Amino acid sequence: MSEDHHSDELYVRQRKLDELREKGVQPYGEKYEVTHRAMDIIDDFEKLVGKSVKVSGRILSRRGHGKASFANIQDMSGKIQLYIRQDSVGEGNYNIYKSLDVGDIIGVTGEVFKTKTGEITINISSFKLLSKSLRPLPEKWHGLKDIELRYRQRYVDLIVNPAVREVFIARSKVIQAIREYLNRKGFLEVETPVMHGIAGGANARPFITHHNALNINLYLRIATELHLKRLVVGGMEKVYELGRIFRNEGISTNHNPEFTTVEIYQANTDYEDMMRLTEELVASVAEEVFGTLKMSYGGKELDLSLPWPRRDLLDLVREITGVDFTSIPDDEGARQVALEKGLELKGGESRGEIIFTFFEKFCEDRLWGPIFVKKYPVEVSPLAKRCSDDPRFTCRFETFLAGKEIANAFTELIDPLDQRARFEAQMRKRAAGDEEAHMMDEDFLTALEYGMPPTGGLGIGIDRLIMILTDSPSIRDVILFPTMRPRE
RNA sequence: GGGCCAUUAGCUCAGGCGGCAGAGCACCUGACUUUUAAUCAGGGUGUCCCAGGUUCGAGUCCUGGAUGGCUCACCA
């Protein structure tokens, strides 16, 4: 509406940039040889007081006092205060300093001292503009709160919300600690294809992409499982892969279309060993990164101290719902009791599927954990070995922390004939319209036919684990750039 | 996909019953050489998410849409 731009910040900053160039100041400079980070100066003040340091960072706040000024700059380590006097830097430079804005990145050189109010400060003798910021930062008290903007413009979120940076530093440390733990135990980290001809290893709908030269459609992987097990067949007895997988499903506070898992396979172990591995891995990572096993999530305590309880799924269903499926041996009886409990059935559900539904609907949200739930029905566990005492159940467990499923593991099914029968059952579900049922994978069956050693396998959802360890309510808070619908 | 809620200045937010678009911070002009939410004097910078409708008059009421959040469904 108005041609008067005098306080339009974008316009004002663009004009300042032009004026700097006219004065011979390069607004986008070259690297500044820093000697310290902001936090080093705070931490080592006694050693550094009176000494000259070089620091660079982004101006976060300015307090002008005529011919002297204070400012705070921020680098990766934190914030430090600057003190700039006209008689220290010269009138010309001081005028340039005065034209700088919150958001600009500068390099400074000066002596470390403490102000009369006790704040550790750098008394600037010279400074250099390294990068001119053309956009105003969010306001200093309230920061950036708009959740949509925080996710879409994570760079701004990271600049103004220090807690966000802390979460992602913690995420990096957790992942590093997981790698170190597994490497120390003799596991080999491997990388398997992200683009699959057959998307297997989980119940999920895949993303589809196209390879032009081969003129074929490929799927983005929904799990790393089947390739890792091929490697165990190949003699790689202890392997893991930490990486991104993709599932073409809904988005929620616990689901992002792309997310990170670690899958771990170890020959000559079973799911009991995987329980021990899970609890030890999580507890040692928590201890190492956060220095404690007494966590808190959403205001509720979560004690990761070992050992974690192990409970049979069927026992939990009986305790929580009062239904004892050991006395309901057939599909028809199971369907009856499901209807009595008000569950909606599509028809044709097996006893095992109904037991699993009972667990999901009535039990899962009551498990705060940590807890291992074991022995899942064979119908919902097509890659897990059957229990020797009851072939309708499998040597499979899931781990719950703070009410969230964070791990899924089993004694792997290594019998190629049983595996083929399981795939065939999945194919029948797929033919009946279940788009999440597993696909037949002949090459995987071929691998099993060569002989796979008895093996325990474990998958951990890294994002959810980090949510819990950092007390983050949404998975988007632990993913730097969560999936969003594009703007415009 | 369903339900509920939100969307107003760069940011954080007010705007009763439909009657000239508001505050703080930021920004602009000026003063100020140890401040720290610096202070003091002045200045409001806007596609009220979008498109229709009702009305003399819509930020406000109605309809449709967009984006986001929570939640249910689905999944991990």
# chains A, B, ... in the order shown; residues from 1 in each chain; ligands from 1
>>> interface_residues(of="chain A", to="chain B", cutoff="6 Å", atoms="only C-alpha atoms (C1' of nucleotides)", output="list in words")
His6, Ser7, His65, Gly66, Lys67, Ala68, Thr115, Pro136, Pro138, Glu139, His142 and Glu148 of chain A
>>> select_by_dssp(residues="range 275-435 of chain A", states="alpha helix (DSSP H)", output="ChimeraX atom specification")
/A:275-290,313-321,331-340,351-358,416-431
>>> atom_distance(atom1="CA of Val167 in chain A", atom2="CA of Arg464 in chain A")
12.9 Å
>>> select_by_dssp(residues="range 192-428 of chain A", states="strand (DSSP E)", output="MDAnalysis selection string")
chainID A and resid 195:196 208:211 216:220 238:246 258:267 294:297 300:303 310:312 371:377 393:401 404:411
>>> residues_around(residues="Ile169 in chain A", least_positions_apart="2", cutoff="12 Å", atoms="only C-alpha atoms (C1' of nucleotides)", output="PyMOL selection string")
chain A and resi 76-77+158+162-167+171-176+289-290+466+470+478-480
>>> atom_distance(atom1="CA of Phe397 in chain A", atom2="CA of Ala409 in chain A")
5.4 Å
>>> residues_around(residues="Ser99 in chain A", least_positions_apart="2", cutoff="10 Å", atoms="only C-alpha atoms (C1' of nucleotides)", output="JSON, numbers by chain")
{"A": [13, 16, 17, 19, 20, 93, 94, 95, 96, 97, 101]}
>>> write_last_selection(atoms="N, CA, C and O atoms", output="PDB file, in the first residue's frame")
ATOM      1  N   ARG A  13      17.540  -3.491   5.399  1.00  0.00           N
ATOM      2  CA  ARG A  13      18.774  -4.277   5.431  1.00  0.00           C
ATOM      3  C   ARG A  13      19.421  -4.351   4.047  1.00  0.00           C
ATOM      4  O   ARG A  13      20.648  -4.302   3.925  1.00  0.00           O
ATOM      5  N   LYS A  16      21.222  -1.184   3.696  1.00  0.00           N
ATOM      6  CA  LYS A  16      22.461  -1.174   4.481  1.00  0.00           C
ATOM      7  C   LYS A  16      23.558  -1.973   3.775  1.00  0.00           C
ATOM      8  O   LYS A  16      24.727  -1.598   3.800  1.00  0.00           O
ATOM      9  N   LEU A  17      23.152  -3.085   3.149  1.00  0.00           N
ATOM     10  CA  LEU A  17      24.123  -3.896   2.430  1.00  0.00           C
ATOM     11  C   LEU A  17      24.750  -3.088   1.287  1.00  0.00           C
ATOM     12  O   LEU A  17      25.973  -3.087   1.095  1.00  0.00           O
ATOM     13  N   GLU A  19      25.000   0.119   1.123  1.00  0.00           N
ATOM     14  CA  GLU A  19      25.856   1.171   1.691  1.00  0.00           C
ATOM     15  C   GLU A  19      27.204   0.608   2.137  1.00  0.00           C
ATOM     16  O   GLU A  19      28.239   1.243   1.971  1.00  0.00           O
ATOM     17  N   LEU A  20      27.182  -0.622   2.702  1.00  0.00           N
ATOM     18  CA  LEU A  20      28.435  -1.243   3.102  1.00  0.00           C
ATOM     19  C   LEU A  20      29.337  -1.456   1.893  1.00  0.00           C
ATOM     20  O   LEU A  20      30.542  -1.175   1.924  1.00  0.00           O
ATOM     21  N   ASN A  93      35.135   2.512  11.808  1.00  0.00           N
ATOM     22  CA  ASN A  93      34.706   1.142  12.090  1.00  0.00           C
ATOM     23  C   ASN A  93      33.507   1.125  13.023  1.00  0.00           C
ATOM     24  O   ASN A  93      32.628   0.273  12.906  1.00  0.00           O
ATOM     25  N   TYR A  94      33.504   2.073  13.969  1.00  0.00           N
ATOM     26  CA  TYR A  94      32.386   2.097  14.909  1.00  0.00           C
ATOM     27  C   TYR A  94      31.084   2.422  14.179  1.00  0.00           C
ATOM     28  O   TYR A  94      30.032   1.854  14.488  1.00  0.00           O
ATOM     29  N   ASN A  95      31.170   3.295  13.191  1.00  0.00           N
ATOM     30  CA  ASN A  95      29.973   3.603  12.415  1.00  0.00           C
ATOM     31  C   ASN A  95      29.503   2.376  11.623  1.00  0.00           C
ATOM     32  O   ASN A  95      28.306   2.146  11.473  1.00  0.00           O
ATOM     33  N   ILE A  96      30.471   1.623  11.110  1.00  0.00           N
ATOM     34  CA  ILE A  96      30.087   0.375  10.416  1.00  0.00           C
ATOM     35  C   ILE A  96      29.421  -0.569  11.406  1.00  0.00           C
ATOM     36  O   ILE A  96      28.375  -1.151  11.118  1.00  0.00           O
ATOM     37  N   TYR A  97      30.021  -0.685  12.596  1.00  0.00           N
ATOM     38  CA  TYR A  97      29.411  -1.562  13.603  1.00  0.00           C
ATOM     39  C   TYR A  97      27.973  -1.144  13.875  1.00  0.00           C
ATOM     40  O   TYR A  97      27.081  -1.985  13.992  1.00  0.00           O
ATOM     41  N   ASP A 101      23.226  -5.463  12.057  1.00  0.00           N
ATOM     42  CA  ASP A 101      21.909  -5.838  12.571  1.00  0.00           C
ATOM     43  C   ASP A 101      21.988  -7.143  13.360  1.00  0.00           C
ATOM     44  O   ASP A 101      22.895  -7.954  13.151  1.00  0.00           O
TER      45      ASP A 101
END
>>> residues_around(residues="Asn203 in chain A", least_positions_apart="4", cutoff="9 Å", atoms="only C-alpha atoms (C1' of nucleotides)", output="MDAnalysis selection string")
(chainID A and resid 222 435:438) or (chainID B and resid 75)
>>> write_last_selection(atoms="all heavy atoms", output="PDB file, in the first residue's frame")
ATOM      1  N   ILE A 222      11.271 -50.578   3.229  1.00  0.00           N
ATOM      2  CA  ILE A 222      10.430 -50.425   4.422  1.00  0.00           C
ATOM      3  C   ILE A 222      11.091 -51.079   5.627  1.00  0.00           C
ATOM      4  O   ILE A 222      10.595 -50.981   6.748  1.00  0.00           O
ATOM      5  CB  ILE A 222       9.025 -51.034   4.201  1.00  0.00           C
ATOM      6  CG1 ILE A 222       9.125 -52.510   3.814  1.00  0.00           C
ATOM      7  CG2 ILE A 222       8.270 -50.249   3.138  1.00  0.00           C
ATOM      8  CD1 ILE A 222       7.765 -53.210   3.734  1.00  0.00           C
ATOM      9  N   GLU A 435      -2.860 -54.351   1.607  1.00  0.00           N
ATOM     10  CA  GLU A 435      -1.706 -53.790   0.893  1.00  0.00           C
ATOM     11  C   GLU A 435      -0.442 -53.790   1.748  1.00  0.00           C
ATOM     12  O   GLU A 435       0.642 -53.512   1.245  1.00  0.00           O
ATOM     13  CB  GLU A 435      -2.003 -52.355   0.459  1.00  0.00           C
ATOM     14  CG  GLU A 435      -3.033 -52.260  -0.643  1.00  0.00           C
ATOM     15  CD  GLU A 435      -3.205 -50.817  -1.090  1.00  0.00           C
ATOM     16  OE1 GLU A 435      -2.271 -50.285  -1.703  1.00  0.00           O
ATOM     17  OE2 GLU A 435      -4.258 -50.231  -0.814  1.00  0.00           O
ATOM     18  N   GLU A 436      -0.606 -54.050   3.043  1.00  0.00           N
ATOM     19  CA  GLU A 436       0.572 -54.037   3.914  1.00  0.00           C
ATOM     20  C   GLU A 436       1.148 -55.435   4.122  1.00  0.00           C
ATOM     21  O   GLU A 436       2.180 -55.584   4.772  1.00  0.00           O
ATOM     22  CB  GLU A 436       0.205 -53.408   5.260  1.00  0.00           C
ATOM     23  CG  GLU A 436      -0.087 -51.927   5.115  1.00  0.00           C
ATOM     24  CD  GLU A 436      -0.670 -51.319   6.369  1.00  0.00           C
ATOM     25  OE1 GLU A 436      -0.832 -52.049   7.353  1.00  0.00           O
ATOM     26  OE2 GLU A 436      -0.968 -50.122   6.344  1.00  0.00           O
ATOM     27  N   ALA A 437       0.485 -56.446   3.568  1.00  0.00           N
ATOM     28  CA  ALA A 437       1.004 -57.801   3.733  1.00  0.00           C
ATOM     29  C   ALA A 437       2.329 -57.942   2.991  1.00  0.00           C
ATOM     30  O   ALA A 437       2.604 -57.228   2.032  1.00  0.00           O
ATOM     31  CB  ALA A 437      -0.014 -58.809   3.211  1.00  0.00           C
ATOM     32  N   HIS A 438       3.130 -58.884   3.462  1.00  0.00           N
ATOM     33  CA  HIS A 438       4.459 -59.060   2.866  1.00  0.00           C
ATOM     34  C   HIS A 438       4.356 -59.566   1.439  1.00  0.00           C
ATOM     35  O   HIS A 438       3.412 -60.253   1.065  1.00  0.00           O
ATOM     36  CB  HIS A 438       5.252 -60.084   3.690  1.00  0.00           C
ATOM     37  CG  HIS A 438       5.684 -59.565   5.021  1.00  0.00           C
ATOM     38  ND1 HIS A 438       6.990 -59.591   5.435  1.00  0.00           N
ATOM     39  CD2 HIS A 438       4.980 -59.006   6.022  1.00  0.00           C
ATOM     40  CE1 HIS A 438       7.068 -59.074   6.666  1.00  0.00           C
ATOM     41  NE2 HIS A 438       5.853 -58.717   7.034  1.00  0.00           N
TER      42      HIS A 438
ATOM     43  P     C B  75      -2.607 -51.625  11.125  1.00  0.00           P
ATOM     44  OP1   C B  75      -2.380 -52.836  10.327  1.00  0.00           O
ATOM     45  OP2   C B  75      -3.268 -51.716  12.438  1.00  0.00           O
ATOM     46  O5'   C B  75      -1.223 -50.877  11.319  1.00  0.00           O
ATOM     47  C5'   C B  75      -0.056 -51.355  10.679  1.00  0.00           C
ATOM     48  C4'   C B  75       0.939 -50.252  10.489  1.00  0.00           C
ATOM     49  O4'   C B  75       0.333 -48.985  10.820  1.00  0.00           O
ATOM     50  C3'   C B  75       2.161 -50.307  11.413  1.00  0.00           C
ATOM     51  O3'   C B  75       3.146 -51.203  10.932  1.00  0.00           O
ATOM     52  C2'   C B  75       2.622 -48.857  11.371  1.00  0.00           C
ATOM     53  O2'   C B  75       3.268 -48.576  10.155  1.00  0.00           O
ATOM     54  C1'   C B  75       1.280 -48.123  11.404  1.00  0.00           C
ATOM     55  N1    C B  75       0.868 -47.788  12.778  1.00  0.00           N
ATOM     56  C2    C B  75       1.595 -46.840  13.500  1.00  0.00           C
ATOM     57  O2    C B  75       2.570 -46.301  12.966  1.00  0.00           O
ATOM     58  N3    C B  75       1.218 -46.533  14.749  1.00  0.00           N
ATOM     59  C4    C B  75       0.167 -47.133  15.294  1.00  0.00           C
ATOM     60  N4    C B  75      -0.169 -46.793  16.535  1.00  0.00           N
ATOM     61  C5    C B  75      -0.592 -48.115  14.593  1.00  0.00           C
ATOM     62  C6    C B  75      -0.211 -48.410  13.348  1.00  0.00           C
TER      63        C B  75
END
>>> closest_residue(among="A:Glu332, A:Gly451, A:Tyr219, A:Ile178", to="Asn248 in chain A", atoms="only C-alpha atoms")
A:Tyr219
>>> atom_distance(atom1="CA of Val323 in chain A", atom2="CA of Lys361 in chain A")
13.3 Å
>>> residues_around(residues="Pro482 in chain A", least_positions_apart="3", cutoff="12 Å", atoms="only C-alpha atoms (C1' of nucleotides)", output="PDB file with N, CA and C atoms, in the first residue's frame")
ATOM      1  N   ILE A 147       4.672 -23.598  15.486  1.00  0.00           N
ATOM      2  CA  ILE A 147       5.214 -24.932  15.238  1.00  0.00           C
ATOM      3  C   ILE A 147       5.450 -25.175  13.760  1.00  0.00           C
ATOM      4  N   GLU A 148       4.550 -24.671  12.952  1.00  0.00           N
ATOM      5  CA  GLU A 148       4.707 -24.871  11.512  1.00  0.00           C
ATOM      6  C   GLU A 148       5.986 -24.199  11.010  1.00  0.00           C
ATOM      7  N   LEU A 149       6.212 -22.967  11.435  1.00  0.00           N
ATOM      8  CA  LEU A 149       7.427 -22.269  11.010  1.00  0.00           C
ATOM      9  C   LEU A 149       8.674 -22.940  11.565  1.00  0.00           C
ATOM     10  N   ARG A 150       8.578 -23.449  12.787  1.00  0.00           N
ATOM     11  CA  ARG A 150       9.747 -24.099  13.382  1.00  0.00           C
ATOM     12  C   ARG A 150      10.172 -25.309  12.553  1.00  0.00           C
ATOM     13  N   TYR A 151       9.204 -26.076  12.056  1.00  0.00           N
ATOM     14  CA  TYR A 151       9.569 -27.253  11.263  1.00  0.00           C
ATOM     15  C   TYR A 151       9.970 -26.871   9.843  1.00  0.00           C
ATOM     16  N   ARG A 152       9.244 -25.907   9.264  1.00  0.00           N
ATOM     17  CA  ARG A 152       9.540 -25.545   7.879  1.00  0.00           C
ATOM     18  C   ARG A 152      10.849 -24.781   7.781  1.00  0.00           C
ATOM     19  N   GLN A 153      11.124 -23.946   8.783  1.00  0.00           N
ATOM     20  CA  GLN A 153      12.349 -23.145   8.762  1.00  0.00           C
ATOM     21  C   GLN A 153      13.189 -23.529   9.969  1.00  0.00           C
ATOM     22  N   ARG A 154      13.631 -24.780   9.978  1.00  0.00           N
ATOM     23  CA  ARG A 154      14.369 -25.297  11.133  1.00  0.00           C
ATOM     24  C   ARG A 154      15.617 -24.464  11.393  1.00  0.00           C
ATOM     25  N   ILE A 251       0.925 -39.701   9.057  1.00  0.00           N
ATOM     26  CA  ILE A 251       1.860 -38.909   9.851  1.00  0.00           C
ATOM     27  C   ILE A 251       1.206 -38.622  11.190  1.00  0.00           C
ATOM     28  N   SER A 252       1.943 -38.774  12.271  1.00  0.00           N
ATOM     29  CA  SER A 252       1.404 -38.458  13.591  1.00  0.00           C
ATOM     30  C   SER A 252       2.561 -38.074  14.502  1.00  0.00           C
ATOM     31  N   THR A 253       2.250 -37.846  15.769  1.00  0.00           N
ATOM     32  CA  THR A 253       3.337 -37.497  16.697  1.00  0.00           C
ATOM     33  C   THR A 253       4.307 -38.653  16.885  1.00  0.00           C
ATOM     34  N   ASN A 254       3.899 -39.853  16.476  1.00  0.00           N
ATOM     35  CA  ASN A 254       4.803 -41.010  16.597  1.00  0.00           C
ATOM     36  C   ASN A 254       5.244 -41.578  15.254  1.00  0.00           C
ATOM     37  N   HIS A 255       4.822 -40.953  14.150  1.00  0.00           N
ATOM     38  CA  HIS A 255       5.126 -41.502  12.828  1.00  0.00           C
ATOM     39  C   HIS A 255       5.580 -40.416  11.868  1.00  0.00           C
ATOM     40  N   ASN A 256       6.717 -40.649  11.228  1.00  0.00           N
ATOM     41  CA  ASN A 256       7.157 -39.811  10.121  1.00  0.00           C
ATOM     42  C   ASN A 256       7.401 -40.746   8.938  1.00  0.00           C
ATOM     43  N   PRO A 257       7.043 -40.311   7.712  1.00  0.00           N
ATOM     44  CA  PRO A 257       7.179 -41.235   6.575  1.00  0.00           C
ATOM     45  C   PRO A 257       8.596 -41.781   6.384  1.00  0.00           C
ATOM     46  N   GLU A 258       9.616 -40.969   6.691  1.00  0.00           N
ATOM     47  CA  GLU A 258      10.961 -41.525   6.690  1.00  0.00           C
ATOM     48  C   GLU A 258      11.475 -41.484   8.118  1.00  0.00           C
ATOM     49  N   PHE A 259      12.043 -42.569   8.552  1.00  0.00           N
ATOM     50  CA  PHE A 259      12.528 -42.626   9.925  1.00  0.00           C
ATOM     51  C   PHE A 259      13.737 -43.550   9.998  1.00  0.00           C
ATOM     52  N   ASP A 463      14.244 -42.920  16.244  1.00  0.00           N
ATOM     53  CA  ASP A 463      13.574 -41.642  16.495  1.00  0.00           C
ATOM     54  C   ASP A 463      12.763 -41.700  17.790  1.00  0.00           C
ATOM     55  N   SER A 474       6.811 -35.018  20.370  1.00  0.00           N
ATOM     56  CA  SER A 474       6.498 -35.371  18.983  1.00  0.00           C
ATOM     57  C   SER A 474       7.746 -35.861  18.264  1.00  0.00           C
ATOM     58  N   ILE A 475       7.546 -36.821  17.358  1.00  0.00           N
ATOM     59  CA  ILE A 475       8.684 -37.330  16.571  1.00  0.00           C
ATOM     60  C   ILE A 475       9.284 -36.206  15.737  1.00  0.00           C
ATOM     61  N   ARG A 476       8.469 -35.186  15.425  1.00  0.00           N
ATOM     62  CA  ARG A 476       8.978 -34.069  14.624  1.00  0.00           C
ATOM     63  C   ARG A 476      10.003 -33.238  15.405  1.00  0.00           C
ATOM     64  N   ASP A 477       9.953 -33.378  16.732  1.00  0.00           N
ATOM     65  CA  ASP A 477      10.923 -32.632  17.540  1.00  0.00           C
ATOM     66  C   ASP A 477      12.303 -33.267  17.506  1.00  0.00           C
ATOM     67  N   VAL A 478      12.411 -34.503  17.001  1.00  0.00           N
ATOM     68  CA  VAL A 478      13.727 -35.155  16.951  1.00  0.00           C
ATOM     69  C   VAL A 478      14.164 -35.432  15.516  1.00  0.00           C
ATOM     70  N   ILE A 479      13.385 -34.947  14.541  1.00  0.00           N
ATOM     71  CA  ILE A 479      13.757 -35.060  13.129  1.00  0.00           C
ATOM     72  C   ILE A 479      13.977 -33.642  12.623  1.00  0.00           C
ATOM     73  N   ARG A 485       3.668 -31.008   4.136  1.00  0.00           N
ATOM     74  CA  ARG A 485       3.078 -30.702   2.831  1.00  0.00           C
ATOM     75  C   ARG A 485       3.752 -29.433   2.310  1.00  0.00           C
ATOM     76  N   PRO A 486       4.161 -29.416   1.030  1.00  0.00           N
ATOM     77  CA  PRO A 486       4.841 -28.220   0.527  1.00  0.00           C
ATOM     78  C   PRO A 486       3.929 -27.006   0.580  1.00  0.00           C
TER      79      PRO A 486
END
>>> residues_around(residues="range 48-54 of chain B", least_positions_apart="6", cutoff="9 Å", atoms="only C-alpha atoms (C1' of nucleotides)", output="list of chain:residue names")
B:U7, B:U8, B:A21, B:C61, B:C62, B:U63, B:G64, B:G65, B:A66, B:U67
